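S.K.: Dumping the structure here so I can ask a few things about it.
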Amino acid sequence: MPWQRSEQESGRIVTSAHLLGNTKLQVINAYGYCRGPTWPKAKQLTENLLSTVTSHFVIGGFGIRTICGDFNFSEDELDSFEIWRQFGWVSAQRFASFHWGHLVKPTCKGATERDFIWLSPEAQALCCHIEVLDIIEHATVAVDFSCDVKAAYEDNLGAISFLINADGRSEPVLISLTLRCTFPDLAGRGEVQLRADHTTLAVRDWFKQLRRIQSLRHAIHANNDYTSAQVARCEHWSSILRARGFDKGFRTFWNIGYEDGTPHDPPVLPIAIPSCEGIDRIYATFRDRFDRLESWHIRQRCRVLKAKRDASMAGLYGELRRQPKAKPDLLWHDHYYTILDFEPSTGSLHLDRPLDLRGQSTWTINRVRTTVMESEDDLCQVSSLPTQLIPGDELHQHQVLSNLTEVHQAFVDFWRPRWNAYSDIPEEDWLRIVNFAKAHMRPISFDLPAIRPSHWQKALRRHKPTAARGVDGLDHRDFLHMPSALTASLLTMLSSIEAGAPWPSQTHTGLIQALAKTPDAHEVASFRPIVVLSLLYRTWGSIRSRQLLAQLSQYLPAEQVGFIPGQEAVGIWAYWQALVELSCSRSMAPLFWMIDYIGTPGFATGPWATFLSTMSRTFVVQGELSQCSLSTVGFPEGDALSAFAMCILDWTWHIYAQQFCPSVNAYSYVDNLGLLSLDAGSLAIGFSTMTSFFKLWRLEIDLDKSYCWAVDGDNRKALAQFPLQRLEHAKELGGSLTVGARPRVCDIKDRMSRLDDRWPVLKRSAASLTQKLLALSTVFWPEGLHGILSCRFAYSHLDVLRRKAALALGWRKAGSSPAMRFLLSDTPFSDPLLWHHKTVLMDFRRLCRKSSDFFMRWATFFSCLQWRSASGPFL
């Protein structure tokens with residue numbers, strides 16, 4: 001660990017690493033500064049003490065790690081704890097409370113919790129028991145781990161006990177070890193250290209000379225009379241005088257520098273070895289000069305780094321960027337088995353289904369911990385049963401899958417049946433949807449030009465610098481810097497593929513990156529599989545998809561928005577909200593066949609279908625690949641042409657709705673479908689039509705995410721019979737949808753509250769005030785006020801944001817107005833009120849230009865001259 005000098009000398013940090021069989025355990029014990037007159041800045045000192053732990057142990061470390069100690073602060077008071085939580089760490093008592101329902105007990109004098117054991121994600125996977133043992137002042141937190149070694153380890157350091165027990169097949173051998181904290185001798189002769197890693201050659205030469213003088217000083221004070229020691233001291237002094245890095249030698253440098261020295265400095269360096277008093281004066285003088293040189297160098301480097309930081313917003317954007325969501329390095333599940341019958345004498349249980357014995361599990365019955373000894377089908381034997389147990393109680397299993405093979409297999413077992421769900425369905429079952437397309441859809445004449453080098457270069461430049469690479473390892477910059485002859489040869493190969501040649505074998509495998517849908521994702525279903533295909537195929541698909549969508553958009557209805565050039569999600573929820581406001585003011589296989597049927601050129605669909613039929617997918621977990629799987633259902637999310645396929649499916653839905661429920665307006669944004677009607681009866685017909693359409697494609701409506709609403713009371717009563725939840729407000733495609741005359745601001749307030757974890761980051765940042773003001777209008781307000789076009793709320797909510805921003809910027813002078821400070825700054829749109837007005841006007845103008853229907857609704861609204869408006873974009 002690269003500790004700073006103050007951290008080493010404080011004695012408040014102890015680090016250790018322990019090898020238990022093949023398992024390495026890393027432990028850090030810390031003692032925070034106590035609040036009081038002795039340490040008036042105790043919190044800041046504790047944060048500084050833990051900064052190195054955070055950067056090198058929490059963020060940069062790996063493996064089974066724990067941080068324990070008496071921090072003298074609660075879990076919510078230190079910013080370091082919040083960073084640890086973002087990287088998956090959790091305190092032992094919180095872990096026990098979440099998984100086993102334990103009560104969080106105070107550890108300091110029976111009143112507060114100041115003593116913690118923080119567990120890394122790897123340590124959490126092995127944790128099997130946690131308890132709190134009461135002693136005089138500080139309670140002892142004990143943590144048990146399950147390892148594959150037959151030993152026990154006890155770390156009793158300060159006020160925290162750290163206990164590890166190993167579960168073996170035979171009786172474990174208990175080995176008790178005690179670590180004692182040894183405080184360094186501040187008066188000892190510790191080696192000098194550089195205060196900064198990035199130094200110039202001059203500073204490093206001076207530092208080497210300082211270490212030589214210090215080493216010689218130790219040797220002279222030792223006064224060893226052996227001949228070899230005397231020769232070594234002579235050679236050491238000679239190397240000091242001959243040291244490089246000093247103009248005209250060290251003695252000349254010393255004599256010139258003496259003119260600015262103190263009266264106690266030695267006037268000249270002797271040729272012979274100096275005495276103890278002389279070497280002490282030389283060492284003290286040169287160390288003082290070195291400290292001044294090093295301090296000057298650090299100040300200059302800070303100025304250079306600050307100038308670089310002030311020249312770009314990248315540094316501040318990097319600090320404000322939220323932490324990435326969880327990676328599928330390990331999975332955990334909670335299973336509940338109903339106990340049908342039991343035998344108290346033997347501990348046998350008859351369960352409703354067989355046990356899942358993969359990974360490592362902890363078992364409880366009625367909150368009483370037990371262990372499964374044997375299991376066969378739906379019968380098992382446990383070590384102990386609670387006293388009050390009746391049939392119908394549940395056996396709770398907390399299962400953790402940390403083995404790489406088990407995690408891979410869990411993902412493959414979950415997604416492989418879905419990817420091959422339609423493999424056994426005969427083509428005759430799709431005749432109904434095919435006949436419908438023949439009857440109601442007309443072919444389109446597509447005109448796709450050949451891919452020229454300009455098209456290829458433009459598509460490559462659209463990739464982000466961090467664009468993922470496929471299994472071929474090629475990056476978009478590799479293609480951009482290819483010689484023109486190689487680019488022409490590459491485009492010739494793509495032309496031959498469009499003519500019927502096969503794709504290169506290097507492009508047949510897609511790497512699946514599992515992205516977490518929620519911050520606390522821990523199950524397979526909580527991750528979204530994103531397929532990273534070869535960049536060659538992705539770029540070709542992007543070019544053809546853009547060309548097809550641009551020509552298809554002129555035939556699609558205005559209510560179809562997803563993936564259409566020039567359209568956006570705000571066009572859906574803003575239009576719906578406008579209708580609500582106006583009402584209140586007055587009172588694969590078949591899909592590919594359809595793609596071919598509408599006239600899509602074969603030189604585009606042929607390579608596309610060939611690629612999807614031969615492409616295999618493999619999950620990437622912890623840098624390792626799982627088994628490859630083929631798919632006969634759907635289109636991979638990493639394929640640009642999937643957007644074109646989704647547009648065809650949405651178009652089919654609009655035609656289907658127009659034919660069977662013409663009184664209902666159908667809307668779509670990718671897989672988000674909506675229906676609008678004037679009465680509940682028509683809406684029921686439309687919902688029935690939607691259900692029938694989904695059955696044609698063997699799809700299911702997600703009832704948990706679907707909802708219905710109505711403006712007037714009669715229709716709301718009628719909607720009570722619908723199988724959907726009835727809401728008065730909802731978050732829709734990033735916007736806030738409010739139904740009825742009463743404004744609803746809870747959704748926008750929730751969005752504003754998400755900024756609370758960013759204010760401390762902005763406050764701690766070393767960026768300039770100008771950069772922080774720019775960050776408000778480019779990062780904070782777009783996130784906290786997104787979708788405000790359709791939401792009416794009091795300006796007092798913006799005042800709250802303004803005050804929080806002023807505190808984060810350090811504007812704390814009494815009597816000053818944050819609003820005036822923002823308005824008088826060089827960036828007036830850093831004020832949330834002005835940013836709100838600008839955004840509403842720009843969005844409203846853009847929607848009026850895109851949709852003539854939206855403009856007519858606005859004109860109709862003002863022609864009514866009724867100003868009792870609900871939430872919406874018009875008033």
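Labeling convention for the structure tokens: chains A, B, ... as they appear, residues from 1 per chain, ligands from 1 in order of appearance.
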Near region 355-359 of chain A, within 8 Å and counting only C-alpha atoms, which residues show up once chain neighbours fewer than 4 positions away are dropped, as JSON, numbers by chain?

M.R.: {"A": [375, 377, 378, 399, 400, 401, 402, 403, 406]}

S.K.: Skipping near chain neighbours, those fewer than 2 positions away, what residues fall within 12 Å of Ala467 (chain A) using only C-alpha atoms, listed as a list in words?

M.R.: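 Residues near the query, excluding close chain neighbours: Leu460, Arg461, Arg462, His463, Lys464, Pro465, Arg469, Gly470, Gly473, Leu474, Asp475, His476, Arg477, Val532, Leu533, Ser534, Leu535, Arg538, Thr539 and Gly638 of chain A.
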
S.K.: Write out the residues from the selection above, keeping all heavy atoms, as a compact mmCIF listing (two decimals), in the first residue's frame.

M.R.:
```txt
# COMPACT_ATOMS: atom_id res chain seq x y z
N LEU A 460 -18.12 4.57 -39.50
CA LEU A 460 -17.09 4.26 -38.50
C LEU A 460 -16.91 5.41 -37.52
O LEU A 460 -16.68 5.20 -36.32
CB LEU A 460 -15.76 3.95 -39.19
CG LEU A 460 -15.69 2.63 -39.96
CD1 LEU A 460 -14.38 2.54 -40.73
CD2 LEU A 460 -15.81 1.44 -39.00
N ARG A 461 -17.03 6.65 -37.99
CA ARG A 461 -16.83 7.80 -37.09
C ARG A 461 -17.98 7.96 -36.11
O ARG A 461 -17.85 8.70 -35.13
CB ARG A 461 -16.66 9.07 -37.92
CG ARG A 461 -15.35 9.12 -38.70
CD ARG A 461 -15.11 10.49 -39.31
NE ARG A 461 -13.87 10.54 -40.05
CZ ARG A 461 -13.78 10.33 -41.36
NH1 ARG A 461 -14.89 10.07 -42.07
NH2 ARG A 461 -12.62 10.38 -41.97
N ARG A 462 -19.10 7.33 -36.38
CA ARG A 462 -20.22 7.41 -35.44
C ARG A 462 -19.98 6.56 -34.20
O ARG A 462 -20.66 6.73 -33.19
CB ARG A 462 -21.52 6.97 -36.11
CG ARG A 462 -22.14 8.04 -36.99
CD ARG A 462 -23.59 7.71 -37.32
NE ARG A 462 -23.69 6.55 -38.17
CZ ARG A 462 -23.79 6.58 -39.49
NH1 ARG A 462 -23.81 7.75 -40.12
NH2 ARG A 462 -23.89 5.47 -40.19
N HIS A 463 -19.03 5.64 -34.23
CA HIS A 463 -18.72 4.83 -33.06
C HIS A 463 -18.04 5.68 -32.00
O HIS A 463 -17.23 6.56 -32.30
CB HIS A 463 -17.82 3.65 -33.44
CG HIS A 463 -18.50 2.61 -34.27
ND1 HIS A 463 -19.47 1.76 -33.78
CD2 HIS A 463 -18.35 2.29 -35.59
CE1 HIS A 463 -19.88 0.96 -34.74
NE2 HIS A 463 -19.21 1.25 -35.85
N LYS A 464 -18.35 5.42 -30.75
CA LYS A 464 -17.70 6.12 -29.65
C LYS A 464 -16.27 5.63 -29.48
O LYS A 464 -15.92 4.52 -29.90
CB LYS A 464 -18.49 5.89 -28.35
CG LYS A 464 -19.89 6.47 -28.37
CD LYS A 464 -20.58 6.22 -27.04
CE LYS A 464 -21.98 6.82 -27.03
NZ LYS A 464 -22.67 6.58 -25.74
N PRO A 465 -15.41 6.44 -28.86
CA PRO A 465 -14.02 5.98 -28.64
C PRO A 465 -13.94 4.71 -27.81
O PRO A 465 -12.99 3.94 -27.93
CB PRO A 465 -13.37 7.17 -27.92
CG PRO A 465 -14.19 8.35 -28.30
CD PRO A 465 -15.59 7.84 -28.45
N ARG A 469 -15.25 -4.14 -28.69
CA ARG A 469 -14.72 -4.95 -29.79
C ARG A 469 -15.34 -6.34 -29.75
O ARG A 469 -15.70 -6.84 -28.69
CB ARG A 469 -13.20 -5.09 -29.68
CG ARG A 469 -12.45 -3.77 -29.62
CD ARG A 469 -10.97 -4.01 -29.66
NE ARG A 469 -10.19 -2.78 -29.53
CZ ARG A 469 -8.89 -2.68 -29.76
NH1 ARG A 469 -8.22 -3.75 -30.15
NH2 ARG A 469 -8.27 -1.54 -29.61
N GLY A 470 -15.46 -6.94 -30.91
CA GLY A 470 -15.96 -8.30 -31.00
C GLY A 470 -14.85 -9.30 -30.81
O GLY A 470 -13.72 -8.97 -30.39
N GLY A 473 -11.36 -8.78 -32.38
CA GLY A 473 -10.41 -7.86 -31.77
C GLY A 473 -10.19 -6.57 -32.53
O GLY A 473 -9.35 -5.77 -32.14
N LEU A 474 -10.93 -6.32 -33.61
CA LEU A 474 -10.72 -5.12 -34.41
C LEU A 474 -11.50 -3.95 -33.84
O LEU A 474 -12.64 -4.09 -33.40
CB LEU A 474 -11.16 -5.38 -35.86
CG LEU A 474 -10.30 -6.39 -36.64
CD1 LEU A 474 -10.89 -6.63 -38.01
CD2 LEU A 474 -8.87 -5.90 -36.76
N ASP A 475 -10.86 -2.79 -33.84
CA ASP A 475 -11.45 -1.56 -33.34
C ASP A 475 -11.82 -0.67 -34.52
O ASP A 475 -11.28 -0.83 -35.63
CB ASP A 475 -10.45 -0.85 -32.41
CG ASP A 475 -11.07 0.35 -31.72
OD1 ASP A 475 -11.84 0.15 -30.78
OD2 ASP A 475 -10.77 1.48 -32.15
N HIS A 476 -12.77 0.26 -34.28
CA HIS A 476 -13.17 1.13 -35.40
C HIS A 476 -12.03 2.02 -35.88
O HIS A 476 -11.97 2.40 -37.05
CB HIS A 476 -14.36 1.99 -34.97
CG HIS A 476 -14.04 3.05 -33.97
ND1 HIS A 476 -13.84 2.78 -32.63
CD2 HIS A 476 -13.88 4.38 -34.10
CE1 HIS A 476 -13.59 3.89 -31.99
NE2 HIS A 476 -13.59 4.87 -32.84
N ARG A 477 -11.07 2.31 -34.97
CA ARG A 477 -9.91 3.10 -35.41
C ARG A 477 -8.99 2.29 -36.31
O ARG A 477 -8.27 2.84 -37.14
CB ARG A 477 -9.15 3.61 -34.18
CG ARG A 477 -9.86 4.77 -33.48
CD ARG A 477 -9.37 5.00 -32.09
NE ARG A 477 -9.74 3.90 -31.20
CZ ARG A 477 -9.70 3.98 -29.87
NH1 ARG A 477 -9.29 5.08 -29.29
NH2 ARG A 477 -10.06 2.95 -29.13
N VAL A 532 -22.32 -8.22 -28.23
CA VAL A 532 -21.29 -7.44 -28.90
C VAL A 532 -20.83 -8.24 -30.12
O VAL A 532 -20.12 -9.25 -29.98
CB VAL A 532 -20.11 -7.15 -27.96
CG1 VAL A 532 -19.05 -6.33 -28.68
CG2 VAL A 532 -20.61 -6.41 -26.71
N LEU A 533 -21.23 -7.81 -31.29
CA LEU A 533 -20.90 -8.50 -32.53
C LEU A 533 -19.61 -7.94 -33.12
O LEU A 533 -19.07 -6.94 -32.65
CB LEU A 533 -22.05 -8.36 -33.53
CG LEU A 533 -23.41 -8.86 -33.05
CD1 LEU A 533 -24.48 -8.51 -34.07
CD2 LEU A 533 -23.38 -10.35 -32.81
N SER A 534 -19.16 -8.58 -34.16
CA SER A 534 -17.98 -8.11 -34.86
C SER A 534 -18.21 -6.71 -35.41
O SER A 534 -19.31 -6.38 -35.89
CB SER A 534 -17.64 -9.07 -36.00
OG SER A 534 -16.70 -8.49 -36.88
N LEU A 535 -17.20 -5.84 -35.32
CA LEU A 535 -17.35 -4.47 -35.79
C LEU A 535 -17.59 -4.42 -37.29
O LEU A 535 -18.25 -3.50 -37.80
CB LEU A 535 -16.11 -3.65 -35.42
CG LEU A 535 -16.28 -2.14 -35.52
CD1 LEU A 535 -17.22 -1.63 -34.44
CD2 LEU A 535 -14.94 -1.43 -35.41
N ARG A 538 -21.31 -5.04 -37.56
CA ARG A 538 -22.06 -3.94 -36.95
C ARG A 538 -22.05 -2.71 -37.84
O ARG A 538 -23.06 -2.01 -37.99
CB ARG A 538 -21.47 -3.60 -35.58
CG ARG A 538 -21.89 -4.56 -34.49
CD ARG A 538 -20.89 -4.64 -33.37
NE ARG A 538 -20.58 -3.35 -32.79
CZ ARG A 538 -19.54 -3.14 -31.98
NH1 ARG A 538 -18.72 -4.15 -31.68
NH2 ARG A 538 -19.32 -1.95 -31.48
N THR A 539 -20.92 -2.40 -38.44
CA THR A 539 -20.84 -1.22 -39.30
C THR A 539 -21.65 -1.43 -40.57
O THR A 539 -22.37 -0.52 -41.02
CB THR A 539 -19.37 -0.93 -39.65
OG1 THR A 539 -18.61 -0.85 -38.43
CG2 THR A 539 -19.25 0.38 -40.39
N GLY A 638 -27.49 -6.13 -30.06
CA GLY A 638 -26.33 -5.47 -30.60
C GLY A 638 -26.32 -5.34 -32.11
O GLY A 638 -25.37 -4.84 -32.69
```

S.K.: Identify, on the basis of only C-alpha atoms, every residue whose closest approach to Asp70 (chain A) does not exceed 7 Å; exclude the query and any residue fewer than 4 positions from it along the same chain; express the result as a PyMOL selection string.

M.R.: chain A and resi 30-32+114-116+159

S.K.: Mind dumping a table of every region 620-693 of chain A residue within 10 Å of region 547-550 of chain A, with the nearest atom pair and its distance in Å to one decimal, using only C-alpha atoms, sorted by chain and rising number, as a tab-separated table?

M.R.:
```
residue	atom	partner	partner_atom	distance
A:Leu641	CA	A:Leu548	CA	9.0
A:Ala643	CA	A:Leu549	CA	8.4
A:Phe644	CA	A:Leu549	CA	6.2
A:Ala645	CA	A:Leu549	CA	9.8
A:Cys647	CA	A:Leu549	CA	8.1
A:Ile648	CA	A:Leu549	CA	9.8
```

S.K.: Using DSSP on the backbone coordinates, identify all residues within region 460-549 of chain A classified as strand (DSSP E or B); present the result as a PyMOL selection string.

M.R.: chain A and resi 509-516+527-532

S.K.: Could you write those residues out with N, CA and C atoms, as an mmCIF file, in the first residue's frame?

M.R.:
```
data_model
loop_
_atom_site.group_PDB
_atom_site.id
_atom_site.type_symbol
_atom_site.label_atom_id
_atom_site.label_comp_id
_atom_site.auth_asym_id
_atom_site.auth_seq_id
_atom_site.Cartn_x
_atom_site.Cartn_y
_atom_site.Cartn_z
ATOM 1 N N THR A 509 -19.341 -15.341 -33.873
ATOM 2 C CA THR A 509 -19.545 -15.431 -32.432
ATOM 3 C C THR A 509 -19.811 -14.048 -31.861
ATOM 4 N N GLY A 510 -20.851 -13.944 -31.051
ATOM 5 C CA GLY A 510 -21.176 -12.694 -30.361
ATOM 6 C C GLY A 510 -20.897 -12.810 -28.878
ATOM 7 N N LEU A 511 -20.223 -11.821 -28.328
ATOM 8 C CA LEU A 511 -19.920 -11.795 -26.901
ATOM 9 C C LEU A 511 -21.049 -11.092 -26.161
ATOM 10 N N ILE A 512 -21.602 -11.748 -25.163
ATOM 11 C CA ILE A 512 -22.734 -11.190 -24.421
ATOM 12 C C ILE A 512 -22.214 -10.509 -23.163
ATOM 13 N N GLN A 513 -22.450 -9.214 -23.069
ATOM 14 C CA GLN A 513 -22.159 -8.459 -21.855
ATOM 15 C C GLN A 513 -23.475 -8.316 -21.086
ATOM 16 N N ALA A 514 -23.524 -8.867 -19.891
ATOM 17 C CA ALA A 514 -24.740 -8.815 -19.069
ATOM 18 C C ALA A 514 -24.762 -7.491 -18.316
ATOM 19 N N LEU A 515 -25.676 -6.604 -18.688
ATOM 20 C CA LEU A 515 -25.807 -5.293 -18.052
ATOM 21 C C LEU A 515 -26.931 -5.327 -17.032
ATOM 22 N N ALA A 516 -26.644 -4.809 -15.844
ATOM 23 C CA ALA A 516 -27.628 -4.831 -14.763
ATOM 24 C C ALA A 516 -28.765 -3.868 -15.066
ATOM 25 N N PHE A 527 -30.392 -9.049 -15.296
ATOM 26 C CA PHE A 527 -29.362 -8.591 -16.224
ATOM 27 C C PHE A 527 -29.901 -8.665 -17.646
ATOM 28 N N ARG A 528 -29.548 -7.669 -18.439
ATOM 29 C CA ARG A 528 -29.967 -7.601 -19.841
ATOM 30 C C ARG A 528 -28.808 -8.070 -20.722
ATOM 31 N N PRO A 529 -28.999 -9.105 -21.538
ATOM 32 C CA PRO A 529 -27.898 -9.604 -22.373
ATOM 33 C C PRO A 529 -27.711 -8.751 -23.628
ATOM 34 N N ILE A 530 -26.624 -8.013 -23.682
ATOM 35 C CA ILE A 530 -26.279 -7.193 -24.844
ATOM 36 C C ILE A 530 -25.199 -7.923 -25.638
ATOM 37 N N VAL A 531 -25.488 -8.212 -26.894
ATOM 38 C CA VAL A 531 -24.574 -8.987 -27.730
ATOM 39 C C VAL A 531 -23.610 -8.028 -28.440
ATOM 40 N N VAL A 532 -22.323 -8.222 -28.234
ATOM 41 C CA VAL A 532 -21.291 -7.444 -28.902
ATOM 42 C C VAL A 532 -20.830 -8.241 -30.116
#
```

S.K.: Nearest to Asn420 (chain A): which of A:His335, A:Leu630, A:Arg85, A:Pro828 is it, counting only C-alpha atoms?

M.R.: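 Nearest candidate to Asn420 (chain A) out of A:His335, A:Leu630, A:Arg85, A:Pro828: A:Leu630.
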
S.K.: Using only C-alpha atoms, which of the listed residues (A:Trp759, A:Phe290, A:Phe693, A:Trp39) sits closest to Ala657 (chain A)?

M.R.: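 Of A:Trp759, A:Phe290, A:Phe693, A:Trp39, the one nearest Ala657 (chain A) is A:Phe693, counting only C-alpha atoms.
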
S.K.: So that I can see what lies close to Ser613 (chain A), please list as an MDAnalysis selection string the residues with an atom at most 12 Å from it, counting only C-alpha atoms and leaving out residues fewer than 6 positions away in the same chain.

M.R.: chainID A and resid 420 502:503 508:509 588:589 606:607 629:636
